[in-house]
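Asks: My structure is stored as protein.cif, with mmCIF, N, CA and C atoms.
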data_start
loop_
_atom_site.label_atom_id
_atom_site.label_comp_id
_atom_site.auth_asym_id
_atom_site.auth_seq_id
_atom_site.Cartn_x
_atom_site.Cartn_y
_atom_site.Cartn_z
N MET J 1441 -11.97 -2.67 -14.96
CA MET J 1441 -11.30 -3.96 -15.04
C MET J 1441 -10.86 -4.18 -16.49
N VAL J 1442 -9.81 -4.89 -16.69
CA VAL J 1442 -9.24 -5.13 -18.00
C VAL J 1442 -10.10 -6.14 -18.76
N THR J 1443 -10.33 -5.89 -20.04
CA THR J 1443 -11.15 -6.78 -20.84
C THR J 1443 -10.37 -8.04 -21.21
N LYS J 1444 -11.12 -9.09 -21.57
CA LYS J 1444 -10.48 -10.35 -21.97
C LYS J 1444 -9.58 -10.15 -23.17
N GLN J 1445 -9.96 -9.27 -24.07
CA GLN J 1445 -9.16 -9.00 -25.27
C GLN J 1445 -7.77 -8.50 -24.89
N LEU J 1446 -7.69 -7.62 -23.90
CA LEU J 1446 -6.40 -7.09 -23.47
C LEU J 1446 -5.56 -8.12 -22.72
N LEU J 1447 -6.23 -9.11 -22.11
CA LEU J 1447 -5.54 -10.12 -21.32
C LEU J 1447 -5.09 -11.32 -22.14
N LYS J 1448 -5.50 -11.41 -23.39
CA LYS J 1448 -5.26 -12.63 -24.17
C LYS J 1448 -3.78 -12.98 -24.30
N ASP J 1449 -2.91 -12.01 -24.32
CA ASP J 1449 -1.47 -12.28 -24.47
C ASP J 1449 -0.73 -12.33 -23.14
N LEU J 1450 -1.45 -12.16 -22.04
CA LEU J 1450 -0.83 -12.18 -20.72
C LEU J 1450 -1.03 -13.55 -20.06
N PRO J 1451 -0.15 -13.92 -19.15
CA PRO J 1451 -0.35 -15.19 -18.43
C PRO J 1451 -1.62 -15.14 -17.58
N GLU J 1452 -2.18 -16.31 -17.30
CA GLU J 1452 -3.41 -16.37 -16.49
C GLU J 1452 -3.22 -15.71 -15.13
N ASP J 1453 -2.00 -15.73 -14.61
CA ASP J 1453 -1.73 -15.12 -13.30
C ASP J 1453 -1.89 -13.60 -13.31
N ALA J 1454 -2.01 -12.99 -14.48
CA ALA J 1454 -2.16 -11.54 -14.57
C ALA J 1454 -3.63 -11.11 -14.55
N ASP J 1455 -4.56 -12.06 -14.57
CA ASP J 1455 -5.99 -11.75 -14.63
C ASP J 1455 -6.55 -11.54 -13.22
N LEU J 1456 -6.86 -10.28 -12.90
CA LEU J 1456 -7.40 -9.95 -11.57
C LEU J 1456 -8.75 -10.60 -11.31
N ARG J 1457 -9.45 -10.98 -12.36
CA ARG J 1457 -10.78 -11.58 -12.18
C ARG J 1457 -10.71 -13.01 -11.68
N ARG J 1458 -9.58 -13.66 -11.88
CA ARG J 1458 -9.42 -15.05 -11.45
C ARG J 1458 -9.07 -15.08 -9.96
N ALA J 1459 -9.84 -15.84 -9.19
CA ALA J 1459 -9.62 -15.91 -7.75
C ALA J 1459 -8.25 -16.49 -7.40
N ASP J 1460 -7.70 -17.32 -8.25
CA ASP J 1460 -6.42 -17.97 -7.95
C ASP J 1460 -5.22 -17.31 -8.62
N SER J 1461 -5.41 -16.10 -9.16
CA SER J 1461 -4.30 -15.45 -9.88
C SER J 1461 -3.36 -14.73 -8.92
N LEU J 1462 -2.11 -14.68 -9.33
CA LEU J 1462 -1.11 -13.94 -8.56
C LEU J 1462 -1.46 -12.46 -8.52
N ALA J 1463 -1.99 -11.95 -9.63
CA ALA J 1463 -2.38 -10.53 -9.69
C ALA J 1463 -3.41 -10.22 -8.62
N ARG J 1464 -4.39 -11.10 -8.43
CA ARG J 1464 -5.43 -10.89 -7.41
C ARG J 1464 -4.81 -10.91 -6.02
N GLU J 1465 -3.86 -11.82 -5.80
CA GLU J 1465 -3.20 -11.89 -4.49
C GLU J 1465 -2.43 -10.61 -4.19
N ILE J 1466 -1.69 -10.12 -5.18
CA ILE J 1466 -0.93 -8.88 -5.00
C ILE J 1466 -1.87 -7.71 -4.78
N PHE J 1467 -2.93 -7.64 -5.58
CA PHE J 1467 -3.93 -6.58 -5.44
C PHE J 1467 -4.51 -6.58 -4.03
N SER J 1468 -4.85 -7.76 -3.54
CA SER J 1468 -5.40 -7.89 -2.20
C SER J 1468 -4.40 -7.43 -1.14
N ASP J 1469 -3.13 -7.74 -1.35
CA ASP J 1469 -2.10 -7.34 -0.40
C ASP J 1469 -1.99 -5.81 -0.30
N VAL J 1470 -1.89 -5.15 -1.44
CA VAL J 1470 -1.59 -3.71 -1.42
C VAL J 1470 -2.83 -2.83 -1.31
N ALA J 1471 -4.01 -3.38 -1.55
CA ALA J 1471 -5.23 -2.56 -1.53
C ALA J 1471 -5.87 -2.58 -0.14
N ASN J 1472 -5.10 -2.29 0.87
CA ASN J 1472 -5.65 -2.14 2.21
C ASN J 1472 -5.19 -0.79 2.77
N LYS J 1473 -5.96 -0.27 3.70
CA LYS J 1473 -5.68 1.10 4.14
C LYS J 1473 -4.28 1.27 4.71
N TRP J 1474 -3.79 0.28 5.47
CA TRP J 1474 -2.48 0.47 6.09
C TRP J 1474 -1.37 0.45 5.04
N ALA J 1475 -1.45 -0.47 4.08
CA ALA J 1475 -0.43 -0.52 3.03
C ALA J 1475 -0.41 0.79 2.24
N LEU J 1476 -1.59 1.29 1.88
CA LEU J 1476 -1.67 2.53 1.13
C LEU J 1476 -1.10 3.70 1.93
N LEU J 1477 -1.42 3.76 3.20
CA LEU J 1477 -0.93 4.85 4.04
C LEU J 1477 0.59 4.74 4.28
N ILE J 1478 1.10 3.54 4.38
CA ILE J 1478 2.55 3.35 4.54
C ILE J 1478 3.28 3.80 3.28
N ILE J 1479 2.75 3.41 2.12
CA ILE J 1479 3.34 3.81 0.85
C ILE J 1479 3.34 5.32 0.72
N GLU J 1480 2.23 5.94 1.08
CA GLU J 1480 2.12 7.40 1.01
C GLU J 1480 3.10 8.05 1.99
N ALA J 1481 3.22 7.51 3.20
CA ALA J 1481 4.11 8.09 4.21
C ALA J 1481 5.57 7.98 3.79
N LEU J 1482 5.96 6.86 3.20
CA LEU J 1482 7.36 6.71 2.79
C LEU J 1482 7.70 7.66 1.65
N GLY J 1483 6.83 7.76 0.68
CA GLY J 1483 7.08 8.67 -0.43
C GLY J 1483 8.48 8.50 -0.98
N GLU J 1484 9.22 9.57 -1.01
CA GLU J 1484 10.60 9.55 -1.51
C GLU J 1484 11.61 9.49 -0.37
N ARG J 1485 11.10 9.24 0.84
CA ARG J 1485 11.97 9.27 2.01
C ARG J 1485 12.36 7.88 2.48
N THR J 1486 13.35 7.83 3.33
CA THR J 1486 13.72 6.63 4.07
C THR J 1486 13.34 6.91 5.52
N LEU J 1487 12.56 5.99 6.10
CA LEU J 1487 12.10 6.20 7.47
C LEU J 1487 12.38 4.98 8.33
N ARG J 1488 12.60 5.23 9.60
CA ARG J 1488 12.73 4.15 10.57
C ARG J 1488 11.33 3.72 11.01
N PHE J 1489 11.24 2.56 11.64
CA PHE J 1489 9.96 2.00 12.07
C PHE J 1489 9.19 3.01 12.92
N SER J 1490 9.85 3.57 13.91
CA SER J 1490 9.17 4.51 14.82
C SER J 1490 8.70 5.76 14.09
N GLU J 1491 9.48 6.22 13.11
CA GLU J 1491 9.08 7.38 12.33
C GLU J 1491 7.84 7.06 11.49
N LEU J 1492 7.82 5.86 10.91
CA LEU J 1492 6.65 5.44 10.14
C LEU J 1492 5.42 5.34 11.03
N ARG J 1493 5.61 4.79 12.22
CA ARG J 1493 4.48 4.65 13.15
C ARG J 1493 3.92 6.02 13.52
N ASN J 1494 4.79 7.02 13.67
CA ASN J 1494 4.33 8.38 13.96
C ASN J 1494 3.64 9.01 12.76
N GLU J 1495 4.10 8.69 11.55
CA GLU J 1495 3.52 9.24 10.32
C GLU J 1495 2.13 8.68 10.04
N VAL J 1496 1.94 7.39 10.33
CA VAL J 1496 0.68 6.71 10.03
C VAL J 1496 -0.11 6.61 11.33
N GLU J 1497 -0.82 7.66 11.63
CA GLU J 1497 -1.56 7.76 12.88
C GLU J 1497 -2.59 6.63 13.00
N GLY J 1498 -2.58 5.97 14.16
CA GLY J 1498 -3.57 4.94 14.45
C GLY J 1498 -3.13 3.53 14.14
N VAL J 1499 -2.01 3.35 13.43
CA VAL J 1499 -1.56 2.00 13.11
C VAL J 1499 -0.90 1.38 14.34
N SER J 1500 -1.25 0.13 14.60
CA SER J 1500 -0.64 -0.56 15.74
C SER J 1500 0.72 -1.10 15.33
N HIS J 1501 1.52 -1.42 16.32
CA HIS J 1501 2.84 -2.00 16.09
C HIS J 1501 2.69 -3.26 15.24
N LYS J 1502 1.72 -4.10 15.59
CA LYS J 1502 1.49 -5.37 14.88
C LYS J 1502 1.11 -5.14 13.42
N MET J 1503 0.18 -4.22 13.16
CA MET J 1503 -0.28 -3.99 11.79
C MET J 1503 0.82 -3.35 10.94
N LEU J 1504 1.61 -2.46 11.54
CA LEU J 1504 2.71 -1.85 10.80
C LEU J 1504 3.74 -2.92 10.44
N THR J 1505 4.07 -3.77 11.38
CA THR J 1505 5.02 -4.86 11.13
C THR J 1505 4.52 -5.78 10.03
N GLN J 1506 3.26 -6.22 10.12
CA GLN J 1506 2.70 -7.13 9.12
C GLN J 1506 2.70 -6.50 7.73
N ASN J 1507 2.30 -5.25 7.65
CA ASN J 1507 2.23 -4.60 6.35
C ASN J 1507 3.61 -4.31 5.77
N LEU J 1508 4.57 -3.93 6.60
CA LEU J 1508 5.93 -3.72 6.10
C LEU J 1508 6.51 -5.03 5.58
N ARG J 1509 6.27 -6.13 6.28
CA ARG J 1509 6.75 -7.44 5.81
C ARG J 1509 6.11 -7.81 4.48
N MET J 1510 4.80 -7.58 4.36
CA MET J 1510 4.09 -7.89 3.13
C MET J 1510 4.63 -7.03 1.99
N LEU J 1511 4.84 -5.74 2.23
CA LEU J 1511 5.35 -4.86 1.19
C LEU J 1511 6.78 -5.25 0.79
N GLU J 1512 7.57 -5.67 1.77
CA GLU J 1512 8.93 -6.14 1.47
C GLU J 1512 8.87 -7.44 0.67
N ARG J 1513 8.01 -8.36 1.06
CA ARG J 1513 7.85 -9.64 0.35
C ARG J 1513 7.48 -9.41 -1.12
N ASN J 1514 6.63 -8.41 -1.36
CA ASN J 1514 6.18 -8.12 -2.72
C ASN J 1514 7.15 -7.21 -3.48
N GLY J 1515 8.28 -6.88 -2.86
CA GLY J 1515 9.30 -6.10 -3.55
C GLY J 1515 8.98 -4.63 -3.68
N LEU J 1516 8.10 -4.13 -2.81
CA LEU J 1516 7.70 -2.72 -2.89
C LEU J 1516 8.45 -1.85 -1.89
N VAL J 1517 9.02 -2.48 -0.87
CA VAL J 1517 9.77 -1.77 0.17
C VAL J 1517 11.08 -2.48 0.40
N ASP J 1518 12.14 -1.72 0.53
CA ASP J 1518 13.45 -2.26 0.94
C ASP J 1518 13.60 -2.03 2.43
N ARG J 1519 14.08 -3.05 3.12
CA ARG J 1519 14.34 -2.97 4.55
C ARG J 1519 15.85 -3.09 4.74
N LYS J 1520 16.41 -2.11 5.44
CA LYS J 1520 17.84 -2.14 5.70
C LYS J 1520 18.07 -2.09 7.19
N ALA J 1521 18.68 -3.17 7.70
CA ALA J 1521 19.00 -3.25 9.12
C ALA J 1521 20.47 -2.89 9.32
N HIS J 1522 20.72 -1.93 10.19
CA HIS J 1522 22.08 -1.50 10.49
C HIS J 1522 22.54 -2.23 11.75
N PRO J 1523 23.75 -2.76 11.74
CA PRO J 1523 24.26 -3.52 12.89
C PRO J 1523 24.70 -2.61 14.04
N THR J 1524 23.74 -2.01 14.67
CA THR J 1524 24.03 -1.12 15.80
C THR J 1524 23.27 -1.62 17.02
N VAL J 1525 23.62 -1.07 18.16
CA VAL J 1525 22.90 -1.39 19.40
C VAL J 1525 22.33 -0.09 19.93
N PRO J 1526 21.01 0.05 20.03
CA PRO J 1526 20.00 -0.92 19.57
C PRO J 1526 19.95 -0.95 18.04
N PRO J 1527 19.37 -2.01 17.47
CA PRO J 1527 19.31 -2.13 16.01
C PRO J 1527 18.56 -0.95 15.40
N ARG J 1528 19.04 -0.53 14.23
CA ARG J 1528 18.38 0.56 13.50
C ARG J 1528 17.94 -0.03 12.17
N VAL J 1529 16.64 0.03 11.90
CA VAL J 1529 16.07 -0.52 10.67
C VAL J 1529 15.39 0.62 9.92
N GLU J 1530 15.68 0.70 8.62
CA GLU J 1530 15.12 1.76 7.78
C GLU J 1530 14.36 1.14 6.62
N TYR J 1531 13.33 1.85 6.18
CA TYR J 1531 12.47 1.39 5.09
C TYR J 1531 12.42 2.44 4.00
N THR J 1532 12.51 1.98 2.75
CA THR J 1532 12.48 2.84 1.58
C THR J 1532 11.66 2.15 0.50
N LEU J 1533 10.92 2.93 -0.28
CA LEU J 1533 10.20 2.35 -1.41
C LEU J 1533 11.19 1.95 -2.50
N THR J 1534 10.93 0.81 -3.14
CA THR J 1534 11.70 0.39 -4.31
C THR J 1534 11.13 1.11 -5.54
N ASP J 1535 11.71 0.88 -6.69
CA ASP J 1535 11.17 1.49 -7.92
C ASP J 1535 9.71 1.08 -8.15
N PRO J 1536 9.37 -0.22 -8.05
CA PRO J 1536 7.95 -0.57 -8.20
C PRO J 1536 7.08 0.06 -7.10
N GLY J 1537 7.62 0.20 -5.90
CA GLY J 1537 6.88 0.85 -4.82
C GLY J 1537 6.62 2.32 -5.12
N ARG J 1538 7.62 3.00 -5.69
CA ARG J 1538 7.42 4.40 -6.08
C ARG J 1538 6.42 4.52 -7.22
N ALA J 1539 6.43 3.56 -8.13
CA ALA J 1539 5.44 3.56 -9.23
C ALA J 1539 4.04 3.38 -8.66
N LEU J 1540 3.89 2.49 -7.67
CA LEU J 1540 2.59 2.30 -7.03
C LEU J 1540 2.18 3.56 -6.27
N ARG J 1541 3.15 4.26 -5.72
CA ARG J 1541 2.84 5.49 -4.99
C ARG J 1541 2.15 6.51 -5.88
N THR J 1542 2.47 6.52 -7.15
CA THR J 1542 1.80 7.42 -8.09
C THR J 1542 0.29 7.15 -8.08
N ALA J 1543 -0.08 5.87 -8.10
CA ALA J 1543 -1.51 5.51 -8.04
C ALA J 1543 -2.10 5.85 -6.68
N VAL J 1544 -1.35 5.63 -5.62
CA VAL J 1544 -1.81 5.96 -4.27
C VAL J 1544 -2.06 7.46 -4.16
N ASP J 1545 -1.18 8.27 -4.74
CA ASP J 1545 -1.37 9.72 -4.72
C ASP J 1545 -2.68 10.10 -5.42
N VAL J 1546 -3.00 9.43 -6.50
CA VAL J 1546 -4.26 9.69 -7.22
C VAL J 1546 -5.45 9.34 -6.32
N ILE J 1547 -5.38 8.21 -5.64
CA ILE J 1547 -6.47 7.81 -4.74
C ILE J 1547 -6.61 8.82 -3.60
N CYS J 1548 -5.50 9.27 -3.04
CA CYS J 1548 -5.54 10.27 -1.96
C CYS J 1548 -6.17 11.57 -2.47
N GLY J 1549 -5.76 12.00 -3.65
CA GLY J 1549 -6.33 13.22 -4.24
C GLY J 1549 -7.82 13.08 -4.50
N TRP J 1550 -8.22 11.92 -5.03
CA TRP J 1550 -9.65 11.66 -5.27
C TRP J 1550 -10.43 11.75 -3.97
N THR J 1551 -9.89 11.13 -2.91
CA THR J 1551 -10.56 11.14 -1.61
C THR J 1551 -10.75 12.58 -1.12
N GLN J 1552 -9.70 13.38 -1.20
CA GLN J 1552 -9.78 14.76 -0.74
C GLN J 1552 -10.73 15.58 -1.60
N GLN J 1553 -10.72 15.36 -2.90
CA GLN J 1553 -11.58 16.10 -3.82
C GLN J 1553 -13.06 15.79 -3.60
N HIS J 1554 -13.39 14.56 -3.28
CA HIS J 1554 -14.79 14.14 -3.19
C HIS J 1554 -15.27 13.95 -1.74
N LEU J 1555 -14.48 14.39 -0.80
CA LEU J 1555 -14.81 14.22 0.62
C LEU J 1555 -16.17 14.82 0.96
N GLY J 1556 -16.43 16.03 0.52
CA GLY J 1556 -17.71 16.69 0.81
C GLY J 1556 -18.89 15.93 0.24
N HIS J 1557 -18.77 15.49 -1.00
CA HIS J 1557 -19.85 14.73 -1.64
C HIS J 1557 -20.13 13.43 -0.88
N ILE J 1558 -19.08 12.72 -0.52
CA ILE J 1558 -19.24 11.45 0.18
C ILE J 1558 -19.84 11.67 1.56
N GLU J 1559 -19.39 12.72 2.23
CA GLU J 1559 -19.93 13.04 3.55
C GLU J 1559 -21.43 13.34 3.46
N SER J 1560 -21.84 14.09 2.43
CA SER J 1560 -23.26 14.39 2.23
C SER J 1560 -24.06 13.13 1.93
N ALA J 1561 -23.51 12.29 1.07
CA ALA J 1561 -24.20 11.03 0.71
C ALA J 1561 -24.36 10.15 1.95
N ARG J 1562 -23.35 10.06 2.78
CA ARG J 1562 -23.45 9.27 4.00
C ARG J 1562 -24.51 9.85 4.94
N GLY J 1563 -24.55 11.16 5.02
CA GLY J 1563 -25.55 11.80 5.86
C GLY J 1563 -26.97 11.47 5.40
N ARG J 1564 -27.20 11.51 4.08
CA ARG J 1564 -28.52 11.15 3.54
C ARG J 1564 -28.82 9.68 3.78
N PHE J 1565 -27.85 8.84 3.57
CA PHE J 1565 -28.04 7.40 3.72
C PHE J 1565 -28.34 7.01 5.16
N ASP J 1566 -27.61 7.63 6.09
CA ASP J 1566 -27.73 7.28 7.50
C ASP J 1566 -28.93 7.93 8.18
N ALA J 1567 -29.57 8.91 7.50
CA ALA J 1567 -30.70 9.63 8.10
C ALA J 1567 -31.94 8.76 8.22
#
Spell out the structure here as C-alpha coordinates.
Replies:
Amino acid sequence: MVTKQLLKDLPEDADLRRADSLAREIFSDVANKWALLIIEALGERTLRFSELRNEVEGVSHKMLTQNLRMLERNGLVDRKAHPTVPPRVEYTLTDPGRALRTAVDVICGWTQQHLGHIESARGRFDA
(Lines of atoms letter the chains of each structure in order from A and count residues from 1; the text may use other names and numbers.)
(Lines give C-alpha, C1' and ligand atoms only; values in the text may rest on other atoms or scores of the structure.)
Protein backbone atom coordinates (compact mmCIF):
# COMPACT_ATOMS: atom_id res chain seq x y z
CA MET A 1 0.00 0.00 0.00
CA VAL A 2 1.19 3.53 -0.69
CA THR A 3 2.58 5.46 2.28
CA LYS A 4 1.07 8.72 3.50
CA GLN A 5 4.23 10.53 2.41
CA LEU A 6 3.67 9.49 -1.21
CA LEU A 7 -0.01 10.46 -1.04
CA LYS A 8 0.51 13.94 0.39
CA ASP A 9 0.39 15.67 -3.01
CA LEU A 10 -2.49 13.57 -4.37
CA PRO A 11 -6.20 14.27 -3.90
CA GLU A 12 -7.96 12.40 -1.09
CA ASP A 13 -9.84 10.40 -3.75
CA ALA A 14 -6.54 8.72 -4.71
CA ASP A 15 -6.06 7.13 -1.26
CA LEU A 16 -7.01 3.43 -1.43
CA ARG A 17 -7.08 3.28 2.36
CA ARG A 18 -10.05 5.65 2.57
CA ALA A 19 -13.37 3.80 2.39
CA ASP A 20 -15.00 6.71 0.55
CA SER A 21 -12.26 7.30 -2.03
CA LEU A 22 -12.78 7.00 -5.76
CA ALA A 23 -9.57 4.96 -5.94
CA ARG A 24 -11.07 2.36 -3.57
CA GLU A 25 -14.25 2.21 -5.65
CA ILE A 26 -12.29 1.68 -8.87
CA PHE A 27 -10.05 -0.90 -7.18
CA SER A 28 -13.12 -2.76 -5.96
CA ASP A 29 -14.62 -2.70 -9.45
CA VAL A 30 -11.63 -4.12 -11.30
CA ALA A 31 -10.27 -6.47 -8.61
CA ASN A 32 -12.77 -9.26 -9.18
CA LYS A 33 -12.18 -12.51 -10.97
CA TRP A 34 -14.53 -11.84 -13.88
CA ALA A 35 -13.15 -8.37 -14.62
CA LEU A 36 -9.58 -9.69 -14.51
CA LEU A 37 -10.43 -12.62 -16.77
CA ILE A 38 -12.28 -10.37 -19.24
CA ILE A 39 -9.31 -8.00 -19.40
CA GLU A 40 -6.98 -10.95 -19.96
CA ALA A 41 -9.26 -12.45 -22.64
CA LEU A 42 -9.54 -9.18 -24.58
CA GLY A 43 -5.82 -8.56 -24.57
CA GLU A 44 -4.96 -6.81 -27.82
CA ARG A 45 -8.02 -8.19 -29.60
CA THR A 46 -11.51 -6.99 -30.36
CA LEU A 47 -14.13 -9.58 -29.43
CA ARG A 48 -17.87 -9.92 -29.69
CA PHE A 49 -19.95 -10.77 -26.62
CA SER A 50 -20.33 -14.43 -27.58
CA GLU A 51 -16.61 -14.74 -28.28
CA LEU A 52 -15.82 -13.27 -24.87
CA ARG A 53 -18.27 -15.65 -23.22
CA ASN A 54 -16.50 -18.58 -24.91
CA GLU A 55 -13.07 -17.25 -23.85
CA VAL A 56 -14.03 -16.77 -20.19
CA GLU A 57 -15.19 -20.25 -19.26
CA GLY A 58 -17.87 -20.37 -16.57
CA VAL A 59 -19.02 -16.74 -16.76
CA SER A 60 -22.78 -16.34 -16.94
CA HIS A 61 -24.48 -14.03 -19.41
CA LYS A 62 -25.50 -11.78 -16.50
CA MET A 63 -22.01 -11.55 -14.96
CA LEU A 64 -20.36 -10.90 -18.32
CA THR A 65 -22.86 -8.13 -19.06
CA GLN A 66 -22.43 -6.52 -15.63
CA ASN A 67 -18.65 -6.62 -15.79
CA LEU A 68 -18.46 -5.31 -19.36
CA ARG A 69 -20.72 -2.40 -18.38
CA MET A 70 -18.58 -1.68 -15.32
CA LEU A 71 -15.37 -1.81 -17.38
CA GLU A 72 -16.94 0.48 -19.99
CA ARG A 73 -18.14 2.90 -17.27
CA ASN A 74 -14.61 3.07 -15.88
CA GLY A 75 -13.16 3.76 -19.33
CA LEU A 76 -11.28 0.46 -19.56
CA VAL A 77 -13.30 -1.08 -22.40
CA ASP A 78 -14.75 0.45 -25.55
CA ARG A 79 -18.07 -0.93 -26.74
CA LYS A 80 -18.93 -0.55 -30.39
CA ALA A 81 -22.41 -1.43 -31.59
CA HIS A 82 -22.80 -1.97 -35.33
CA PRO A 83 -26.23 -1.17 -36.82
CA THR A 84 -26.87 -4.60 -38.26
CA VAL A 85 -29.61 -7.19 -37.88
CA PRO A 86 -29.00 -8.93 -35.58
CA PRO A 87 -26.97 -6.28 -33.73
CA ARG A 88 -23.22 -6.84 -33.61
CA VAL A 89 -21.41 -5.48 -30.56
CA GLU A 90 -17.64 -5.56 -30.16
CA TYR A 91 -15.43 -4.89 -27.14
CA THR A 92 -11.85 -3.62 -27.10
CA LEU A 93 -9.56 -2.50 -24.29
CA THR A 94 -8.82 1.23 -24.15
CA ASP A 95 -5.31 2.53 -23.47
CA PRO A 96 -5.92 2.51 -19.68
CA GLY A 97 -7.42 -0.98 -20.06
CA ARG A 98 -4.30 -2.19 -21.85
CA ALA A 99 -2.15 -0.62 -19.12
CA LEU A 100 -4.19 -2.51 -16.51
CA ARG A 101 -3.74 -5.68 -18.55
CA THR A 102 -0.02 -5.45 -17.88
CA ALA A 103 -0.77 -5.81 -14.15
CA VAL A 104 -3.30 -8.58 -14.83
CA ASP A 105 -0.63 -10.47 -16.80
CA VAL A 106 1.68 -10.24 -13.76
CA ILE A 107 -1.07 -11.61 -11.50
CA CYS A 108 -1.75 -14.46 -13.95
CA GLY A 109 1.97 -15.28 -14.12
CA TRP A 110 2.26 -15.19 -10.32
CA THR A 111 -0.71 -17.56 -10.02
CA GLN A 112 0.81 -20.02 -12.48
CA GLN A 113 4.27 -19.79 -10.89
CA HIS A 114 3.02 -20.43 -7.35
CA LEU A 115 0.20 -22.86 -8.12
CA GLY A 116 2.05 -25.88 -6.72
CA HIS A 117 2.98 -24.11 -3.49
CA ILE A 118 -0.57 -22.88 -2.93
CA GLU A 119 -2.01 -26.30 -3.70
CA SER A 120 0.35 -27.87 -1.13
CA ALA A 121 -0.50 -25.24 1.48
CA ARG A 122 -4.22 -25.82 0.95
CA GLY A 123 -3.71 -29.55 1.29
CA ARG A 124 -1.92 -29.07 4.64
CA PHE A 125 -4.51 -26.59 5.86
CA ASP A 126 -7.49 -28.72 4.88
CA ALA A 127 -6.02 -31.95 6.31
Asks: If the PyMOL selection byres ((chain J and resi 1518) around 7) is run on the structure shown, which residues does it catch, given as number ranges by chain?
Replies: J: 1511-1512, 1515-1517, 1519-1520, 1530-1534
Asks: Only N, CA and C atoms, please: the residues just picked out, written as a PDB file, in the coordinates of the input.
Replies:
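Result saved to result-v8.pdb:
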ATOM      1  N   LEU J1511       4.840  -5.740   2.230  1.00  0.00           N
ATOM      2  CA  LEU J1511       5.350  -4.860   1.190  1.00  0.00           C
ATOM      3  C   LEU J1511       6.780  -5.250   0.790  1.00  0.00           C
ATOM      4  N   GLU J1512       7.570  -5.670   1.770  1.00  0.00           N
ATOM      5  CA  GLU J1512       8.930  -6.140   1.470  1.00  0.00           C
ATOM      6  C   GLU J1512       8.870  -7.440   0.670  1.00  0.00           C
ATOM      7  N   GLY J1515       8.280  -6.880  -2.860  1.00  0.00           N
ATOM      8  CA  GLY J1515       9.300  -6.100  -3.550  1.00  0.00           C
ATOM      9  C   GLY J1515       8.980  -4.630  -3.680  1.00  0.00           C
ATOM     10  N   LEU J1516       8.100  -4.130  -2.810  1.00  0.00           N
ATOM     11  CA  LEU J1516       7.700  -2.720  -2.890  1.00  0.00           C
ATOM     12  C   LEU J1516       8.450  -1.850  -1.890  1.00  0.00           C
ATOM     13  N   VAL J1517       9.020  -2.480  -0.870  1.00  0.00           N
ATOM     14  CA  VAL J1517       9.770  -1.770   0.170  1.00  0.00           C
ATOM     15  C   VAL J1517      11.080  -2.480   0.400  1.00  0.00           C
ATOM     16  N   ARG J1519      14.080  -3.050   3.120  1.00  0.00           N
ATOM     17  CA  ARG J1519      14.340  -2.970   4.550  1.00  0.00           C
ATOM     18  C   ARG J1519      15.850  -3.090   4.740  1.00  0.00           C
ATOM     19  N   LYS J1520      16.410  -2.110   5.440  1.00  0.00           N
ATOM     20  CA  LYS J1520      17.840  -2.140   5.700  1.00  0.00           C
ATOM     21  C   LYS J1520      18.070  -2.090   7.190  1.00  0.00           C
ATOM     22  N   GLU J1530      15.680   0.700   8.620  1.00  0.00           N
ATOM     23  CA  GLU J1530      15.120   1.760   7.780  1.00  0.00           C
ATOM     24  C   GLU J1530      14.360   1.140   6.620  1.00  0.00           C
ATOM     25  N   TYR J1531      13.330   1.850   6.180  1.00  0.00           N
ATOM     26  CA  TYR J1531      12.470   1.390   5.090  1.00  0.00           C
ATOM     27  C   TYR J1531      12.420   2.440   4.000  1.00  0.00           C
ATOM     28  N   THR J1532      12.510   1.980   2.750  1.00  0.00           N
ATOM     29  CA  THR J1532      12.480   2.840   1.580  1.00  0.00           C
ATOM     30  C   THR J1532      11.660   2.150   0.500  1.00  0.00           C
ATOM     31  N   LEU J1533      10.920   2.930  -0.280  1.00  0.00           N
ATOM     32  CA  LEU J1533      10.200   2.350  -1.410  1.00  0.00           C
ATOM     33  C   LEU J1533      11.190   1.950  -2.500  1.00  0.00           C
ATOM     34  N   THR J1534      10.930   0.810  -3.140  1.00  0.00           N
ATOM     35  CA  THR J1534      11.700   0.390  -4.310  1.00  0.00           C
ATOM     36  C   THR J1534      11.130   1.110  -5.540  1.00  0.00           C
TER      37      THR J1534
END
Asks: To one decimal place in Å, what is the distance between CA of Ala1543 in chain J and CA of Ala1521 in chain J?
Replies: 28.1 Å
Asks: Identify, on the basis of only C-alpha atoms, every residue whose closest approach to range 1471-1473 of chain J does not exceed 12 Å; exclude the query and any residue fewer than 5 positions from it along the same chain; express the result as JSON, numbers by chain.
Replies: {"J": [1463, 1464, 1465, 1466, 1478, 1479, 1480, 1496, 1497, 1498, 1499, 1503, 1504, 1506, 1507, 1510, 1511, 1540, 1541, 1543, 1544, 1547, 1548]}
Asks: By how many Å are CA of Glu1484 in chain J and CA of Leu1508 in chain J apart?
Replies: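 Distance reported for this atom pair: 16.0 Å.
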Asks: Between CA of Val1470 in chain J and CA of Ala1454 in chain J, what distance in Å does the model show, to one decimal?
Replies: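 If I compute the distance from CA of Val1470 in chain J to CA of Ala1454 in chain J, I get 15.3 Å.
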Asks: Extract the full set of strand (DSSP E or B) residues from range 1501-1556 of chain J according to DSSP on the backbone, and format it as a PyMOL selection string.
Replies: chain J and resi 1517-1522+1528-1533
Asks: Among range 1466-1566 of chain J, which residues does DSSP mark as helix (DSSP H, G or I) when it is run on the backbone? Keep the chain and numbering as in the structure and answer as a VMD selection string.
Replies: chain J and resid 1466 to 1470 1473 to 1482 1489 to 1495 1501 to 1513 1535 to 1553 1555 to 1566
Asks: Which residue gives the smallest distance to Arg1528 in chain J among J:Phe1489, J:Gly1563, J:Arg1457, J:Leu1476, with all atoms listed in the file counted?
Replies: J:Phe1489
Asks: When distances are computed from only N, CA and C atoms, which of J:Ala1475, J:Leu1462, J:Leu1450, J:Val1529 shows the smallest separation from Leu1487 in chain J?
Replies: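 Nearest candidate to Leu1487 in chain J out of J:Ala1475, J:Leu1462, J:Leu1450, J:Val1529: J:Val1529.
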